[in-house]
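Enquirer: Got a file for you: input_29.txt, compact mmCIF, C-alpha atoms.
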```
# COMPACT_ATOMS: atom_id res chain seq x y z
CA MET Y 1 -16.96 -4.95 28.98
CA ALA Y 2 -18.80 -1.71 29.77
CA ARG Y 3 -15.56 0.18 29.39
CA LYS Y 4 -15.05 -1.23 25.88
CA THR Y 5 -18.61 -0.30 24.85
CA LYS Y 6 -18.07 3.22 26.08
CA SER Y 7 -14.85 3.49 24.07
CA LEU Y 8 -16.53 2.30 20.89
CA SER Y 9 -19.48 4.70 21.28
CA GLY Y 10 -17.01 7.53 21.88
CA THR Y 11 -15.26 6.55 18.67
CA GLU Y 12 -18.60 6.64 16.84
CA GLY Y 13 -19.41 10.09 18.21
CA ALA Y 14 -15.99 11.41 17.22
CA MET Y 15 -16.41 10.08 13.68
CA LEU Y 16 -19.83 11.71 13.34
CA ALA Y 17 -18.51 15.00 14.69
CA ILE Y 18 -15.68 15.02 12.14
CA ALA Y 19 -18.10 14.13 9.36
CA SER Y 20 -20.40 17.02 10.28
CA GLN Y 21 -17.55 19.54 10.11
CA GLY Y 22 -17.06 19.14 6.37
CA ASP Y 23 -15.03 17.17 3.88
CA SER Y 24 -11.90 15.41 5.06
CA THR Y 25 -10.06 12.38 3.79
CA LEU Y 26 -10.47 9.00 5.39
CA GLU Y 27 -6.81 9.06 6.28
CA GLU Y 28 -7.16 12.36 8.16
CA ALA Y 29 -10.36 11.26 9.91
CA VAL Y 30 -8.85 8.01 11.18
CA ALA Y 31 -5.72 9.79 12.44
CA ARG Y 32 -7.82 12.38 14.32
CA VAL Y 33 -10.07 9.81 15.99
CA VAL Y 34 -7.13 7.65 17.05
CA SER Y 35 -5.47 10.73 18.55
CA GLU Y 36 -8.61 12.04 20.29
CA THR Y 37 -10.13 8.82 21.63
CA GLY Y 38 -7.17 6.47 21.98
CA SER Y 39 -8.97 3.80 19.95
CA THR Y 40 -7.02 1.47 17.74
CA ARG Y 41 -7.10 1.84 13.97
CA ILE Y 42 -8.96 -1.47 13.67
CA GLU Y 43 -11.72 -0.21 15.99
CA VAL Y 44 -11.97 3.03 14.05
CA MET Y 45 -12.23 1.24 10.70
CA ARG Y 46 -14.92 -1.05 12.11
CA THR Y 47 -16.85 1.98 13.35
CA ILE Y 48 -16.59 3.59 9.91
CA SER Y 49 -17.90 0.42 8.28
CA LYS Y 50 -20.82 0.32 10.74
CA LEU Y 51 -21.76 3.98 10.24
CA ARG Y 52 -21.52 3.60 6.48
CA SER Y 53 -23.78 0.53 6.47
CA GLU Y 54 -26.30 2.47 8.59
CA GLY Y 55 -26.28 5.34 6.09
CA LYS Y 56 -24.97 7.91 8.58
CA ILE Y 57 -21.79 8.74 6.65
CA GLU Y 58 -20.64 8.40 3.08
CA LEU Y 59 -17.28 7.83 1.48
CA LYS Y 60 -16.56 9.50 -1.82
CA GLU Y 61 -13.43 8.87 -3.84
CA ALA Y 62 -11.31 12.00 -4.05
CA ALA Y 63 -7.89 10.61 -4.93
CA THR Y 64 -5.47 12.91 -6.66
CA TYR Y 65 -4.34 10.06 -8.88
CA GLU Y 66 -7.60 8.24 -9.55
CA GLY Y 67 -6.50 6.14 -12.53
CA PHE Y 68 -3.86 3.46 -12.44
CA GLY Y 69 -1.90 5.22 -15.18
CA SER Y 70 -1.74 8.53 -13.34
CA PHE Y 71 -0.77 6.76 -10.13
CA ALA Y 72 2.02 4.93 -11.96
CA LEU Y 73 3.43 8.31 -13.04
CA SER Y 74 3.07 9.87 -9.57
CA PRO Y 75 5.84 10.32 -6.97
CA TYR Y 76 4.35 7.38 -5.04
CA SER Y 77 5.57 5.05 -7.80
CA LEU Y 78 9.22 6.11 -7.91
CA TRP Y 79 10.24 2.73 -6.46
CA PHE Y 80 8.56 1.02 -9.43
CA TRP Y 81 10.47 3.05 -12.01
CA GLY Y 82 13.68 2.46 -10.09
CA VAL Y 83 13.13 -1.29 -10.41
CA MET Y 84 12.24 -0.99 -14.09
CA CYS Y 85 15.28 1.16 -14.92
CA THR Y 86 17.66 -1.14 -13.03
CA THR Y 87 16.19 -4.18 -14.78
CA ALA Y 88 16.49 -2.54 -18.20
CA ALA Y 89 20.07 -1.43 -17.50
CA SER Y 90 20.95 -4.97 -16.41
CA PHE Y 91 19.65 -6.33 -19.72
CA LEU Y 92 21.57 -3.72 -21.74
CA ILE Y 93 24.86 -4.42 -20.01
CA LEU Y 94 24.35 -8.18 -19.92
CA LEU Y 95 26.81 -9.07 -22.68
CA VAL Y 96 29.60 -6.69 -21.64
CA THR Y 97 32.71 -8.75 -20.89
CA SER Y 98 35.55 -6.21 -20.95
CA GLY Y 99 36.32 -2.55 -20.41
CA ALA Y 100 35.24 -0.19 -17.66
CA LEU Y 101 31.60 -1.18 -18.02
CA VAL Y 102 32.35 -4.63 -16.70
CA TYR Y 103 32.37 -3.19 -13.15
CA ALA Y 104 28.94 -1.68 -13.74
CA ARG Y 105 27.85 -5.11 -14.91
CA TYR Y 106 29.01 -6.63 -11.63
CA VAL Y 107 27.00 -4.08 -9.61
CA LEU Y 108 23.86 -4.24 -11.72
CA GLY Y 109 24.09 -8.00 -12.01
CA SER Y 110 24.28 -8.37 -8.25
CA LEU Y 111 21.22 -6.19 -7.77
CA PHE Y 112 19.39 -7.98 -10.57
CA VAL Y 113 20.01 -11.45 -9.13
CA LEU Y 114 20.28 -10.92 -5.36
CA PHE Y 115 17.81 -8.11 -4.69
CA LEU Y 116 15.26 -7.13 -7.36
CA PRO Y 117 13.28 -10.40 -7.67
CA GLY Y 118 12.79 -10.65 -3.91
CA PHE Y 119 12.15 -6.92 -3.52
CA SER Y 120 9.38 -6.92 -6.12
CA LEU Y 121 7.81 -9.98 -4.47
CA VAL Y 122 7.94 -8.31 -1.04
CA GLU Y 123 6.26 -5.22 -2.48
CA LEU Y 124 3.53 -7.47 -3.89
CA LEU Y 125 2.97 -9.36 -0.65
CA TYR Y 126 3.24 -6.30 1.63
CA PRO Y 127 2.04 -3.27 -0.39
CA ARG Y 128 1.32 -1.02 2.59
CA ALA Y 129 4.47 1.00 3.07
CA HIS Y 130 5.76 4.45 4.04
CA SER Y 131 3.24 7.11 5.19
CA LEU Y 132 0.91 6.68 2.23
CA PHE Y 133 -1.81 4.74 4.00
CA ILE Y 134 -3.98 4.94 7.09
CA TRP Y 135 -2.58 1.60 8.23
CA LYS Y 136 0.89 1.18 9.57
CA SER Y 137 3.47 -0.44 7.31
CA GLU Y 138 3.63 -4.20 7.80
CA LEU Y 139 7.43 -4.20 7.59
CA ASP Y 140 10.11 -1.68 8.40
CA ALA Y 141 12.95 -0.89 6.00
CA LEU Y 142 15.40 -3.41 7.50
CA GLU Y 143 12.86 -6.23 7.37
CA ARG Y 144 12.05 -5.42 3.75
CA LEU Y 145 15.75 -5.47 2.87
CA ALA Y 146 16.35 -8.80 4.59
CA LEU Y 147 13.28 -10.40 3.02
CA SER Y 148 14.22 -9.05 -0.41
CA VAL Y 149 17.64 -10.69 -0.29
CA GLY Y 150 16.29 -13.90 1.22
CA LEU Y 151 13.47 -14.30 -1.30
CA SER Y 152 15.84 -13.52 -4.17
CA LEU Y 153 18.16 -16.28 -2.99
CA ALA Y 154 15.16 -18.61 -3.00
CA LEU Y 155 13.73 -17.52 -6.37
CA VAL Y 156 16.98 -17.79 -8.35
CA PRO Y 157 17.62 -21.53 -7.78
CA LEU Y 158 13.91 -22.29 -8.28
CA THR Y 159 14.03 -20.47 -11.61
CA GLY Y 160 17.14 -22.40 -12.61
CA LEU Y 161 15.47 -25.66 -11.61
CA ALA Y 162 12.44 -24.87 -13.76
CA LEU Y 163 14.63 -23.91 -16.73
CA ASN Y 164 16.52 -27.16 -16.40
CA TYR Y 165 13.41 -28.98 -17.66
CA THR Y 166 12.94 -26.69 -20.67
CA PRO Y 167 14.66 -26.74 -24.08
CA TRP Y 168 16.56 -23.55 -23.20
CA GLY Y 169 18.40 -25.05 -20.22
CA ILE Y 170 20.35 -23.17 -17.55
CA ARG Y 171 22.11 -20.53 -19.61
CA LEU Y 172 22.75 -16.82 -19.12
CA VAL Y 173 20.12 -15.35 -21.43
CA PRO Y 174 17.22 -17.65 -20.40
CA ILE Y 175 17.95 -17.07 -16.71
CA ALA Y 176 18.19 -13.30 -17.20
CA LEU Y 177 14.93 -13.20 -19.16
CA SER Y 178 13.16 -15.38 -16.60
CA LEU Y 179 14.30 -13.31 -13.59
CA GLY Y 180 13.54 -10.09 -15.44
CA GLY Y 181 10.07 -11.33 -16.35
CA LEU Y 182 9.33 -12.33 -12.75
CA THR Y 183 10.57 -8.96 -11.50
CA ILE Y 184 8.38 -7.04 -13.94
CA ILE Y 185 5.28 -9.15 -13.22
CA PHE Y 186 5.73 -8.87 -9.45
CA SER Y 187 6.36 -5.10 -9.66
CA LEU Y 188 3.31 -4.40 -11.84
CA SER Y 189 1.11 -6.46 -9.53
CA ALA Y 190 2.51 -4.67 -6.47
CA LEU Y 191 1.88 -1.28 -8.08
CA TRP Y 192 -1.72 -2.28 -8.80
CA ARG Y 193 -2.28 -3.38 -5.19
CA ARG Y 194 -0.71 -0.20 -3.83
CA HIS Y 195 -2.98 1.89 -6.05
CA LYS Y 196 -6.01 0.14 -4.51
CA TYR Y 197 -4.86 1.05 -1.00
CA TYR Y 198 -4.12 4.59 -2.12
CA ARG Y 199 -7.65 5.08 -3.45
CA LEU Y 200 -9.14 3.79 -0.19
CA ALA Y 201 -6.94 6.02 1.95
CA ARG Y 202 -7.80 9.12 -0.10
CA MET Y 203 -11.57 8.70 0.02
CA GLU Y 204 -13.45 11.74 1.31
CA PHE Y 205 -15.12 11.23 4.66
CA ARG Y 206 -18.32 13.18 5.14
CA GLU Y 207 -21.74 13.13 6.74
CA ASP Y 208 -24.37 11.50 4.54
CA SER Y 209 -26.63 14.24 3.23
CA ASN Y 210 -29.45 11.72 2.71
CA SER Y 211 -29.53 10.48 6.28
CA ASP Y 212 -32.15 11.59 8.78
CA ARG Y 213 -30.44 14.38 10.65
CA SER Y 214 -33.11 14.51 13.33
CA SER Y 215 -32.57 10.90 14.41
CA PRO Y 216 -30.07 10.22 17.20
CA ARG Y 217 -26.67 9.16 15.93
CA SER Y 218 -25.63 7.04 18.86
CA SER Y 219 -26.32 6.54 22.51
CA GLY Y 220 -24.40 7.07 25.72
CA SER Y 221 -21.15 8.99 25.76
CA GLY Y 222 -20.88 8.75 21.98
CA SER Y 223 -24.01 10.82 21.28
CA ARG Y 224 -23.52 13.73 18.97
CA THR Y 225 -23.68 17.21 20.47
CA PRO Y 226 -24.90 20.18 18.45
CA ARG Y 227 -22.30 22.62 17.22
CA PRO Y 228 -22.53 26.05 18.84
CA LYS Y 229 -23.56 28.92 16.61
CA ARG Y 230 -21.06 31.71 16.16
```
Let me see whether you can do it: turn the structure in this file into structure tokens.
Expert:
Amino acid sequence: MARKTKSLSGTEGAMLAIASQGDSTLEEAVARVVSETGSTRIEVMRTISKLRSEGKIELKEAATYEGFGSFALSPYSLWFWGVMCTTAASFLILLVTSGALVYARYVLGSLFVLFLPGFSLVELLYPRAHSLFIWKSELDALERLALSVGLSLALVPLTGLALNYTPWGIRLVPIALSLGGLTIIFSLSALWRRHKYYRLARMEFREDSNSDRSSPRSSGSGSRTPRPKR
């Protein structure tokens, strides 16, 4: 138990030392403390929450893409536009029944039915992906692929079952519109959730200028040591 307390106080001291050195993002601060102290990311985030509630540090938003619109047009949202373009192309080629474009219809139709609905739902349920965030991705690429196909295979018959009790019935256009609508709604919601995580990860991490600098920051091995003058 004493060993755990020592580790946490060391984490607190490392966070305060980083904060006193100047502005850095929350993402960079967490990565440095994990590397220097060996603490887990959960312990580091708890320490940050504690120091912030005590008024010893402050977090200031400094995201490059602060608004949802700018984030949607950023490179982080390329997956979203890929889904939107594939969905739109599937609608445009929906009624093609002959010619060379029929093969493109087979490819786009397969993606539209067997992959995109589940993929957009996976992105909504598990928005932390790639190296964008201070947390590790919940799923690796293979798991996301498998879940995308599996959820698509589950969503398609459920959509058909729901349409069976409507005046439109189970026909090509109603099914395409329903799956396309679900894909768009899931994708927009996933983009919104990912933007929230992005803003948190890009917050500036700094020492609170309003805190009492003369008061001790922590006790034990986590106490802050003065920086040497050059």
Enquirer: I'd like the interatomic distance between CA of Leu188 (chain Y) and CA of Phe80 (chain Y), to a tenth of an Å.
Expert: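 Rounded to one decimal, the two atoms are 7.9 Å apart.
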Enquirer: Between CA of Gly160 (chain Y) and CA of Ile175 (chain Y), what is the distance, to one decimal in Å?
Expert: 6.8 Å
Enquirer: In Å, how far is it from CA of Gly67 (chain Y) to CA of Val30 (chain Y)?
Expert: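 According to the coordinates, CA of Gly67 (chain Y) and CA of Val30 (chain Y) are separated by 23.9 Å.
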Enquirer: Need to verify the contact set: Arg144 (chain Y), 10 Å, only C-alpha atoms, exclusion of same-chain residues closer than 2 positions in sequence. Can you return it as a list in words?
Expert: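 Contacts, in chain order: Gly118, Phe119, Val122, Glu123, Tyr126, Ala129, Glu138, Leu139, Asp140, Ala141, Leu142, Ala146, Leu147, Ser148, Val149 and Gly150 of chain Y.
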Enquirer: Quick one: of Y:Ile18, Y:Ala72, Y:Leu121, Y:Ala100, who's nearest to Ile48 (chain Y), counting all atoms listed in the file?
Expert: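 Of Y:Ile18, Y:Ala72, Y:Leu121, Y:Ala100, the one nearest Ile48 (chain Y), counting all atoms listed in the file, is Y:Ile18.
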Enquirer: Here is a test: counting only C-alpha atoms, which residue of Y:Glu36, Y:Leu151, Y:Trp192, Y:Ala104 is nearest to Ala17 (chain Y)?
Expert: Y:Glu36
Enquirer: Within 8 Å of Thr86 (chain Y), counting only C-alpha atoms, which residues show up once you throw out same-chain ones fewer than 3 positions away? Write them as an MDAnalysis selection string, please.
Expert: chainID Y and resid 82:83 89:90 108 112
Enquirer: Which of these, Y:Gly10, Y:Gly69, Y:Pro117, Y:Pro127, has the shortest distance to Arg193 (chain Y) once you count only C-alpha atoms?
Expert: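 Of Y:Gly10, Y:Gly69, Y:Pro117, Y:Pro127, the one nearest Arg193 (chain Y) is Y:Pro127, counting only C-alpha atoms.
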Enquirer: Give me the residues near Arg32 (chain Y) as a list of chain:residue names, where near means some atom within 12 Å (using all atoms listed in the file) and where sequence neighbours in that chain fewer than 3 positions away do not count.
Expert: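 Residues near the query, excluding close chain neighbours: Y:Thr11, Y:Ala14, Y:Met15, Y:Ala17, Y:Ile18, Y:Ala19, Y:Ser24, Y:Thr25, Y:Leu26, Y:Glu27, Y:Glu28, Y:Ala29, Y:Ser35, Y:Glu36, Y:Thr37, Y:Gly38, Y:Ser39, Y:Thr40, Y:Arg41, Y:Val44, Y:Ile134.
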